[in-house]
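To start, the structure itself, in structure tokens.
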Amino acid sequence: MGLTIGVDIGGTKIAAGVVDEEGNILSTHKVPTPGTPEGIVDAIASAVEGARAGHEIVGVGIGAAGYVNRQRSEVYFAPNIDWRNEPLKAKVEARVGLPVVVENDANAAAWGEYKFGAGKGHRNVICITLGTGLGGGIIIGNKLRRGHYGVAAEFGHIRMVPDGLMCGCGSQGCWEQYASGRALVRYAKQRANATPENAEILLGMGDGTPEGIEGKHISMAARQGDPVAVDSYRELARWAGAGLADLASLFDPSAFIVGGGLSDEGELVLDPIRKSYKRWLVGGNWRPVADVIAAQLGNKAGLVGAADLAREPDPIM
């Protein structure tokens with residue numbers, strides 16, 4: 001169908017990129033993320049216009065964090081933007097004069113990885129993103145599965161622990177409270193406070209106190225063998241792997257693709273996730289075990305996936 005534009009709405013910037021049918025990004029344009037819903041619509045239009053200069057574009061795909069309806073036109077609810085039943089497709093189409101589809105950002109990233117990244121060659125994959133929170137996407141039979149209302153694959157809000165930790169969604173015990181960047185920092189602070197003698201390297205990277213520990217410190221300290229940092233990654237991986245085992249019982253994929261910022265740590269996080277997954281997989285000694293592999297596209301996955309989904313008349317079932 002030709003060239004399309006993918007739009008990634010971030011907390012600080014909105015990026016638009018022209019993407020060809022092989023998933024290559026030909027040009028990009030970025031603008032700051034405004035603080036108002038209407039300002040964001042203006043910024044999306046500005047980013048699209050900047051990226052499309054000199055290209056013949058046939059459609060636009062927007063990756064939005066939030067619940068998107070099955071028709072790929074309306075954002076039911078966005079946690080970080082004051083969008084409630086927001087007709088984003090219609091508003092952006094009126095500004096740019098191109099066909100627009102709206103996708104959940106995690107679904108868009110999952111599709112990008114499936115089509116052009118780590119999922120190539122697989123028909124059935126589950127993607128999870130381990131970042132500040134936990135998201136994901138479902139591809140079964142080469143199709144993105146978003147559920148009857150369009151809001152499936154909100155993996156981060158599966159309740160792992162009854163009456164567990166409070167989540168920003170208003171529930172308790174959600175998976176992302178135990179397997180995410182926020183969880184990793186919490187584990188490290190708790191352990192450093194309890195046994196500071198085991199966190200000398202980690203504490204030396206911040207201000208010397210457990211409260212000053214940041215995610216980047218944990219990564220660097222773990223690579224230097226800091227016991228608290230290493231143990232914090234193991235705790236995160238224990239919960240991540242247990243969740244994958246549950247998803248395997250539901251979907252039986254051939255592969256789990258792990259993306260998000262934490263996947264950048266490679267085997268530091270992937271190896272213990274695999275071990276936990278196999279430990280908790282029902283019948284694991286007697287059944288085929290899905291691969292657990294790192295995402296390949298990094299922060300480009302959402303933009304590339306959204307652009308490619310703009311070519312699909314209806315990839316969702």
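Labels used: A, B, ... for chains in the order of the structure tokens, numbers from 1 for residues in each chain, and numbers from 1 for ligands as shown.
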- Task: Just the residues within 10 Å of Asp82 of chain A, please, counting only C-alpha atoms, with nothing from its chain fewer than 2 positions along; format it as an NGL selection string.
- Result: :A and (35-38 or 77-80 or 84-86)
Write to file, as a short mmCIF file (atom, residue, chain, number, x, y, z; two decimals), in the first residue's frame, the residues of the selection just made, with N, CA and C atoms.
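Generated output (part.cif):
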data_model
loop_
_atom_site.label_atom_id
_atom_site.label_comp_id
_atom_site.auth_asym_id
_atom_site.auth_seq_id
_atom_site.Cartn_x
_atom_site.Cartn_y
_atom_site.Cartn_z
N GLY A 35 0.79 19.99 27.36
CA GLY A 35 0.16 19.59 28.61
C GLY A 35 -1.34 19.47 28.55
N THR A 36 -1.96 19.76 27.38
CA THR A 36 -3.42 19.70 27.28
C THR A 36 -3.84 18.72 26.19
N PRO A 37 -5.02 18.12 26.32
CA PRO A 37 -5.49 17.19 25.29
C PRO A 37 -5.56 17.81 23.90
N GLU A 38 -6.10 19.02 23.79
CA GLU A 38 -6.19 19.65 22.48
C GLU A 38 -4.82 20.02 21.94
N PHE A 77 -10.17 5.76 27.45
CA PHE A 77 -9.57 6.27 28.68
C PHE A 77 -8.06 6.24 28.53
N ALA A 78 -7.40 7.32 28.90
CA ALA A 78 -5.94 7.36 28.92
C ALA A 78 -5.48 7.75 30.32
N PRO A 79 -4.55 7.00 30.90
CA PRO A 79 -4.16 7.26 32.28
C PRO A 79 -3.37 8.54 32.47
N ASN A 80 -2.61 8.95 31.45
CA ASN A 80 -1.72 10.10 31.62
C ASN A 80 -2.13 11.33 30.83
N ARG A 84 -11.14 11.11 27.66
CA ARG A 84 -12.26 10.25 28.04
C ARG A 84 -13.21 10.20 26.85
N ASN A 85 -13.32 9.01 26.23
CA ASN A 85 -14.11 8.88 25.00
C ASN A 85 -13.67 9.91 23.96
N GLU A 86 -12.37 9.99 23.76
CA GLU A 86 -11.77 10.98 22.88
C GLU A 86 -11.80 10.50 21.43
#
- Distance query Ser180 of chain A at most 8 Å, only C-alpha atoms, self and fewer than 6 positions along chain excluded, as an MDAnalysis selection string: chainID A and resid 130:134 236 262
- Item | alpha helix (DSSP H) positions in segment 72-142 of chain A, given as a ChimeraX atom specification | /A:88-96,105-116
- Task: Please identify all polymer residues within 6 Å of Ala108 of chain A, counting only C-alpha atoms, omitting same-chain residues fewer than 6 positions from it, and present them as an MDAnalysis selection string.
- Result: chainID A and resid 302 305:306
I need the residues from that last selection saved to file as an mmCIF file, in the first residue's frame (with C-alpha atoms), if you can.
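again_17.cif, written as the output of this step:
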data_model
loop_
_atom_site.group_PDB
_atom_site.id
_atom_site.type_symbol
_atom_site.label_atom_id
_atom_site.label_comp_id
_atom_site.auth_asym_id
_atom_site.auth_seq_id
_atom_site.Cartn_x
_atom_site.Cartn_y
_atom_site.Cartn_z
ATOM 1 C CA GLY A 302 5.664 1.329 18.717
ATOM 2 C CA GLY A 305 4.047 -1.092 14.511
ATOM 3 C CA ALA A 306 1.542 1.767 14.442
#
Based on DSSP run over this structure's backbone, return all residues of segment 92-151 of chain A in strand (DSSP E), as a compact mmCIF listing (two decimals) with N, CA and C atoms, in the first residue's frame.
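Result file follows (result_11.txt):
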# COMPACT_ATOMS: atom_id res chain seq x y z
N VAL A 100 -6.59 7.79 9.28
CA VAL A 100 -5.90 7.61 10.56
C VAL A 100 -6.50 6.41 11.29
N VAL A 101 -5.64 5.60 11.91
CA VAL A 101 -6.10 4.58 12.85
C VAL A 101 -5.40 4.83 14.18
N VAL A 102 -6.09 4.52 15.25
CA VAL A 102 -5.55 4.68 16.60
C VAL A 102 -5.35 3.30 17.21
N GLU A 103 -4.18 3.06 17.76
CA GLU A 103 -3.87 1.76 18.36
C GLU A 103 -3.38 1.97 19.79
N ASN A 104 -3.65 1.03 20.66
CA ASN A 104 -2.98 1.02 21.95
C ASN A 104 -1.48 0.92 21.72
N VAL A 125 2.63 -15.35 19.17
CA VAL A 125 3.57 -14.77 20.14
C VAL A 125 2.81 -13.90 21.13
N ILE A 126 3.33 -13.84 22.33
CA ILE A 126 2.86 -12.91 23.34
C ILE A 126 4.01 -11.95 23.64
N CYS A 127 3.75 -10.67 23.58
CA CYS A 127 4.75 -9.67 23.89
C CYS A 127 4.44 -9.03 25.24
N ILE A 128 5.45 -8.84 26.05
CA ILE A 128 5.27 -8.03 27.25
C ILE A 128 6.33 -6.94 27.25
N THR A 129 5.96 -5.79 27.76
CA THR A 129 6.89 -4.68 27.88
C THR A 129 7.12 -4.41 29.35
N LEU A 130 8.38 -4.55 29.76
CA LEU A 130 8.77 -4.29 31.14
C LEU A 130 9.43 -2.92 31.19
N LEU A 134 3.86 -2.31 33.13
CA LEU A 134 3.93 -3.57 32.38
C LEU A 134 2.77 -3.62 31.41
N GLY A 135 3.09 -3.76 30.13
CA GLY A 135 2.05 -3.85 29.10
C GLY A 135 2.30 -5.06 28.22
N GLY A 136 1.57 -5.14 27.11
CA GLY A 136 1.79 -6.26 26.22
C GLY A 136 0.85 -6.32 25.05
N GLY A 137 0.97 -7.38 24.29
CA GLY A 137 0.13 -7.58 23.12
C GLY A 137 0.04 -9.06 22.79
N ILE A 138 -1.02 -9.43 22.08
CA ILE A 138 -1.31 -10.82 21.75
C ILE A 138 -1.39 -10.95 20.23
N ILE A 139 -0.55 -11.80 19.67
CA ILE A 139 -0.65 -12.14 18.24
C ILE A 139 -0.87 -13.64 18.15
N ILE A 140 -2.03 -14.04 17.69
CA ILE A 140 -2.38 -15.44 17.53
C ILE A 140 -2.83 -15.67 16.09
N LYS A 143 -2.51 -12.67 13.70
CA LYS A 143 -3.41 -11.53 13.86
C LYS A 143 -3.28 -10.94 15.26
N LEU A 144 -3.36 -9.62 15.30
CA LEU A 144 -3.37 -8.92 16.57
C LEU A 144 -4.74 -9.09 17.21
Neighbours of Gly119 of chain A within 10 Å (only C-alpha atoms; same-chain residues fewer than 5 positions away dropped), as an mmCIF file with all heavy atoms, in the first residue's frame?
data_model
loop_
_atom_site.group_PDB
_atom_site.id
_atom_site.type_symbol
_atom_site.label_atom_id
_atom_site.label_comp_id
_atom_site.auth_asym_id
_atom_site.auth_seq_id
_atom_site.Cartn_x
_atom_site.Cartn_y
_atom_site.Cartn_z
ATOM 1 N N ALA A 110 3.945 -4.439 20.076
ATOM 2 C CA ALA A 110 3.914 -5.894 19.892
ATOM 3 C C ALA A 110 3.849 -6.249 18.416
ATOM 4 O O ALA A 110 4.548 -7.159 17.948
ATOM 5 C CB ALA A 110 2.716 -6.489 20.639
ATOM 6 N N TRP A 111 3.014 -5.545 17.665
ATOM 7 C CA TRP A 111 2.898 -5.810 16.240
ATOM 8 C C TRP A 111 4.213 -5.506 15.513
ATOM 9 O O TRP A 111 4.638 -6.251 14.620
ATOM 10 C CB TRP A 111 1.765 -4.984 15.641
ATOM 11 C CG TRP A 111 1.502 -5.283 14.203
ATOM 12 C CD1 TRP A 111 1.942 -4.576 13.125
ATOM 13 C CD2 TRP A 111 0.748 -6.382 13.670
ATOM 14 N NE1 TRP A 111 1.506 -5.149 11.958
ATOM 15 C CE2 TRP A 111 0.769 -6.260 12.261
ATOM 16 C CE3 TRP A 111 0.051 -7.427 14.258
ATOM 17 C CZ2 TRP A 111 0.125 -7.168 11.433
ATOM 18 C CZ3 TRP A 111 -0.590 -8.330 13.429
ATOM 19 C CH2 TRP A 111 -0.542 -8.200 12.030
ATOM 20 N N GLY A 112 4.867 -4.418 15.905
ATOM 21 C CA GLY A 112 6.147 -4.093 15.291
ATOM 22 C C GLY A 112 7.176 -5.187 15.505
ATOM 23 O O GLY A 112 7.902 -5.574 14.577
ATOM 24 N N GLU A 113 7.246 -5.707 16.732
ATOM 25 C CA GLU A 113 8.197 -6.784 17.020
ATOM 26 C C GLU A 113 7.831 -8.070 16.286
ATOM 27 O O GLU A 113 8.694 -8.780 15.776
ATOM 28 C CB GLU A 113 8.259 -7.044 18.529
ATOM 29 C CG GLU A 113 9.052 -6.026 19.302
ATOM 30 C CD GLU A 113 10.547 -6.074 19.002
ATOM 31 O OE1 GLU A 113 11.034 -7.079 18.449
ATOM 32 O OE2 GLU A 113 11.231 -5.084 19.330
ATOM 33 N N TYR A 114 6.543 -8.375 16.252
ATOM 34 C CA TYR A 114 6.092 -9.581 15.553
ATOM 35 C C TYR A 114 6.421 -9.510 14.068
ATOM 36 O O TYR A 114 6.922 -10.477 13.476
ATOM 37 C CB TYR A 114 4.589 -9.764 15.756
ATOM 38 C CG TYR A 114 3.914 -10.527 14.648
ATOM 39 C CD1 TYR A 114 4.066 -11.910 14.528
ATOM 40 C CD2 TYR A 114 3.139 -9.859 13.700
ATOM 41 C CE1 TYR A 114 3.461 -12.600 13.490
ATOM 42 C CE2 TYR A 114 2.526 -10.543 12.666
ATOM 43 C CZ TYR A 114 2.692 -11.916 12.561
ATOM 44 O OH TYR A 114 2.094 -12.584 11.529
ATOM 45 N N ASN A 124 2.386 -17.298 16.537
ATOM 46 C CA ASN A 124 1.700 -17.109 17.812
ATOM 47 C C ASN A 124 2.700 -16.617 18.851
ATOM 48 O O ASN A 124 3.544 -17.391 19.327
ATOM 49 C CB ASN A 124 1.078 -18.425 18.283
ATOM 50 C CG ASN A 124 0.150 -19.026 17.245
ATOM 51 O OD1 ASN A 124 -0.889 -18.473 16.926
ATOM 52 N ND2 ASN A 124 0.546 -20.174 16.692
ATOM 53 N N VAL A 125 2.629 -15.347 19.174
ATOM 54 C CA VAL A 125 3.565 -14.774 20.136
ATOM 55 C C VAL A 125 2.809 -13.900 21.126
ATOM 56 O O VAL A 125 1.765 -13.314 20.801
ATOM 57 C CB VAL A 125 4.676 -13.940 19.464
ATOM 58 C CG1 VAL A 125 5.522 -14.794 18.537
ATOM 59 C CG2 VAL A 125 4.104 -12.750 18.711
ATOM 60 N N ILE A 126 3.335 -13.838 22.329
ATOM 61 C CA ILE A 126 2.865 -12.906 23.340
ATOM 62 C C ILE A 126 4.014 -11.954 23.640
ATOM 63 O O ILE A 126 5.136 -12.395 23.911
ATOM 64 C CB ILE A 126 2.436 -13.633 24.630
ATOM 65 C CG1 ILE A 126 1.329 -14.645 24.341
ATOM 66 C CG2 ILE A 126 2.000 -12.622 25.692
ATOM 67 C CD1 ILE A 126 0.040 -14.050 23.832
ATOM 68 N N CYS A 127 3.745 -10.673 23.583
ATOM 69 C CA CYS A 127 4.751 -9.669 23.895
ATOM 70 C C CYS A 127 4.437 -9.029 25.243
ATOM 71 O O CYS A 127 3.266 -8.737 25.530
ATOM 72 C CB CYS A 127 4.787 -8.588 22.822
ATOM 73 S SG CYS A 127 5.176 -9.187 21.172
ATOM 74 N N ILE A 139 -0.550 -11.802 19.668
ATOM 75 C CA ILE A 139 -0.650 -12.138 18.242
ATOM 76 C C ILE A 139 -0.866 -13.645 18.151
ATOM 77 O O ILE A 139 0.007 -14.431 18.544
ATOM 78 C CB ILE A 139 0.597 -11.722 17.442
ATOM 79 C CG1 ILE A 139 0.687 -10.193 17.326
ATOM 80 C CG2 ILE A 139 0.528 -12.300 16.031
ATOM 81 C CD1 ILE A 139 1.511 -9.536 18.368
ATOM 82 N N SER A 254 4.350 -19.790 20.812
ATOM 83 C CA SER A 254 5.647 -20.385 20.533
ATOM 84 C C SER A 254 6.776 -19.546 21.110
ATOM 85 O O SER A 254 7.893 -20.045 21.289
ATOM 86 C CB SER A 254 5.854 -20.545 19.019
ATOM 87 O OG SER A 254 5.825 -19.288 18.380
ATOM 88 N N ALA A 255 6.488 -18.263 21.396
ATOM 89 C CA ALA A 255 7.526 -17.395 21.947
ATOM 90 C C ALA A 255 6.910 -16.275 22.772
ATOM 91 O O ALA A 255 5.810 -15.786 22.463
ATOM 92 C CB ALA A 255 8.390 -16.801 20.837
ATOM 93 N N PHE A 256 7.623 -15.894 23.803
ATOM 94 C CA PHE A 256 7.356 -14.659 24.537
ATOM 95 C C PHE A 256 8.443 -13.664 24.162
ATOM 96 O O PHE A 256 9.638 -13.977 24.259
ATOM 97 C CB PHE A 256 7.389 -14.886 26.048
ATOM 98 C CG PHE A 256 6.226 -15.672 26.593
ATOM 99 C CD1 PHE A 256 6.374 -17.004 26.919
ATOM 100 C CD2 PHE A 256 4.994 -15.070 26.779
ATOM 101 C CE1 PHE A 256 5.308 -17.727 27.425
ATOM 102 C CE2 PHE A 256 3.925 -15.790 27.282
ATOM 103 C CZ PHE A 256 4.075 -17.120 27.602
ATOM 104 N N ILE A 257 8.039 -12.494 23.732
ATOM 105 C CA ILE A 257 8.992 -11.434 23.416
ATOM 106 C C ILE A 257 8.960 -10.429 24.551
ATOM 107 O O ILE A 257 7.902 -9.888 24.883
ATOM 108 C CB ILE A 257 8.645 -10.750 22.088
ATOM 109 C CG1 ILE A 257 8.677 -11.765 20.949
ATOM 110 C CG2 ILE A 257 9.613 -9.605 21.798
ATOM 111 C CD1 ILE A 257 8.169 -11.212 19.631
ATOM 112 N N ILE A 293 12.464 -14.494 24.527
ATOM 113 C CA ILE A 293 13.489 -13.802 23.750
ATOM 114 C C ILE A 293 13.365 -12.294 23.906
ATOM 115 O O ILE A 293 12.292 -11.763 24.225
ATOM 116 C CB ILE A 293 13.403 -14.180 22.257
ATOM 117 C CG1 ILE A 293 11.992 -13.930 21.705
ATOM 118 C CG2 ILE A 293 13.798 -15.635 22.057
ATOM 119 C CD1 ILE A 293 11.820 -14.314 20.236
ATOM 120 N N ALA A 294 14.466 -11.609 23.693
ATOM 121 C CA ALA A 294 14.496 -10.155 23.827
ATOM 122 C C ALA A 294 13.928 -9.487 22.583
ATOM 123 O O ALA A 294 14.126 -9.947 21.454
ATOM 124 C CB ALA A 294 15.927 -9.677 24.052
ATOM 125 N N ALA A 295 13.211 -8.400 22.799
ATOM 126 C CA ALA A 295 12.756 -7.580 21.684
ATOM 127 C C ALA A 295 13.968 -7.007 20.941
ATOM 128 O O ALA A 295 15.055 -6.870 21.510
ATOM 129 C CB ALA A 295 11.868 -6.453 22.192
ATOM 130 N N GLN A 296 13.774 -6.685 19.688
ATOM 131 C CA GLN A 296 14.890 -6.218 18.862
ATOM 132 C C GLN A 296 14.779 -4.757 18.426
ATOM 133 O O GLN A 296 15.786 -4.129 18.112
ATOM 134 C CB GLN A 296 14.995 -7.087 17.598
ATOM 135 C CG GLN A 296 15.358 -8.528 17.861
ATOM 136 C CD GLN A 296 15.401 -9.361 16.593
ATOM 137 O OE1 GLN A 296 15.073 -8.884 15.499
ATOM 138 N NE2 GLN A 296 15.808 -10.619 16.720
#
Taking 2 positions as the minimum chain separation for residues in the same chain, which residues sit within 12 Å of Gly164 of chain A when counting only C-alpha atoms? Answer as a PDB file with N, CA, C and O atoms, in the first residue's frame.
ATOM      1  N   ILE A 158      -3.444  -7.755  35.532  1.00  0.00           N
ATOM      2  CA  ILE A 158      -3.843  -9.059  36.044  1.00  0.00           C
ATOM      3  C   ILE A 158      -3.490  -9.081  37.534  1.00  0.00           C
ATOM      4  O   ILE A 158      -2.391  -8.699  37.932  1.00  0.00           O
ATOM      5  N   ARG A 159      -4.417  -9.545  38.355  1.00  0.00           N
ATOM      6  CA  ARG A 159      -4.160  -9.565  39.794  1.00  0.00           C
ATOM      7  C   ARG A 159      -3.340 -10.799  40.162  1.00  0.00           C
ATOM      8  O   ARG A 159      -3.829 -11.924  40.135  1.00  0.00           O
ATOM      9  N   MET A 160      -2.102 -10.569  40.521  1.00  0.00           N
ATOM     10  CA  MET A 160      -1.204 -11.655  40.894  1.00  0.00           C
ATOM     11  C   MET A 160      -1.301 -11.991  42.383  1.00  0.00           C
ATOM     12  O   MET A 160      -1.070 -13.123  42.789  1.00  0.00           O
ATOM     13  N   VAL A 161      -1.604 -10.983  43.208  1.00  0.00           N
ATOM     14  CA  VAL A 161      -1.607 -11.156  44.659  1.00  0.00           C
ATOM     15  C   VAL A 161      -2.916 -10.611  45.214  1.00  0.00           C
ATOM     16  O   VAL A 161      -3.123  -9.390  45.239  1.00  0.00           O
ATOM     17  N   PRO A 162      -3.843 -11.461  45.637  1.00  0.00           N
ATOM     18  CA  PRO A 162      -5.081 -10.966  46.245  1.00  0.00           C
ATOM     19  C   PRO A 162      -4.771 -10.048  47.426  1.00  0.00           C
ATOM     20  O   PRO A 162      -3.940 -10.368  48.272  1.00  0.00           O
ATOM     21  N   MET A 166      -1.244  -1.750  46.393  1.00  0.00           N
ATOM     22  CA  MET A 166      -2.142  -0.871  45.656  1.00  0.00           C
ATOM     23  C   MET A 166      -1.512  -0.486  44.315  1.00  0.00           C
ATOM     24  O   MET A 166      -0.301  -0.255  44.228  1.00  0.00           O
ATOM     25  N   CYS A 167      -2.347  -0.450  43.294  1.00  0.00           N
ATOM     26  CA  CYS A 167      -1.901  -0.080  41.948  1.00  0.00           C
ATOM     27  C   CYS A 167      -2.522   1.258  41.556  1.00  0.00           C
ATOM     28  O   CYS A 167      -3.592   1.626  42.059  1.00  0.00           O
ATOM     29  N   GLY A 170      -6.201   1.538  40.688  1.00  0.00           N
ATOM     30  CA  GLY A 170      -7.231   1.478  41.715  1.00  0.00           C
ATOM     31  C   GLY A 170      -7.439   0.096  42.298  1.00  0.00           C
ATOM     32  O   GLY A 170      -8.138  -0.063  43.296  1.00  0.00           O
ATOM     33  N   SER A 171      -6.822  -0.923  41.681  1.00  0.00           N
ATOM     34  CA  SER A 171      -6.936  -2.284  42.185  1.00  0.00           C
ATOM     35  C   SER A 171      -5.743  -2.591  43.078  1.00  0.00           C
ATOM     36  O   SER A 171      -4.891  -1.741  43.351  1.00  0.00           O
ATOM     37  N   GLN A 172      -5.674  -3.837  43.536  1.00  0.00           N
ATOM     38  CA  GLN A 172      -4.586  -4.284  44.396  1.00  0.00           C
ATOM     39  C   GLN A 172      -3.965  -5.559  43.840  1.00  0.00           C
ATOM     40  O   GLN A 172      -4.652  -6.405  43.276  1.00  0.00           O
ATOM     41  N   GLY A 173      -2.651  -5.657  44.008  1.00  0.00           N
ATOM     42  CA  GLY A 173      -1.957  -6.879  43.635  1.00  0.00           C
ATOM     43  C   GLY A 173      -1.715  -7.058  42.158  1.00  0.00           C
ATOM     44  O   GLY A 173      -1.474  -8.184  41.709  1.00  0.00           O
ATOM     45  N   CYS A 174      -1.759  -5.983  41.368  1.00  0.00           N
ATOM     46  CA  CYS A 174      -1.566  -6.099  39.918  1.00  0.00           C
ATOM     47  C   CYS A 174      -0.136  -6.539  39.588  1.00  0.00           C
ATOM     48  O   CYS A 174       0.825  -6.209  40.288  1.00  0.00           O
ATOM     49  N   TRP A 175      -0.016  -7.268  38.485  1.00  0.00           N
ATOM     50  CA  TRP A 175       1.280  -7.830  38.069  1.00  0.00           C
ATOM     51  C   TRP A 175       2.351  -6.750  37.984  1.00  0.00           C
ATOM     52  O   TRP A 175       3.497  -6.959  38.377  1.00  0.00           O
ATOM     53  N   GLU A 176       2.014  -5.556  37.456  1.00  0.00           N
ATOM     54  CA  GLU A 176       3.039  -4.546  37.268  1.00  0.00           C
ATOM     55  C   GLU A 176       3.569  -3.988  38.586  1.00  0.00           C
ATOM     56  O   GLU A 176       4.620  -3.341  38.605  1.00  0.00           O
ATOM     57  N   GLN A 177       2.872  -4.241  39.684  1.00  0.00           N
ATOM     58  CA  GLN A 177       3.407  -3.842  40.979  1.00  0.00           C
ATOM     59  C   GLN A 177       4.542  -4.742  41.438  1.00  0.00           C
ATOM     60  O   GLN A 177       5.259  -4.415  42.388  1.00  0.00           O
ATOM     61  N   TYR A 178       4.738  -5.857  40.751  1.00  0.00           N
ATOM     62  CA  TYR A 178       5.761  -6.828  41.132  1.00  0.00           C
ATOM     63  C   TYR A 178       6.776  -7.076  40.023  1.00  0.00           C
ATOM     64  O   TYR A 178       7.850  -7.624  40.307  1.00  0.00           O
TER      65      TYR A 178
END
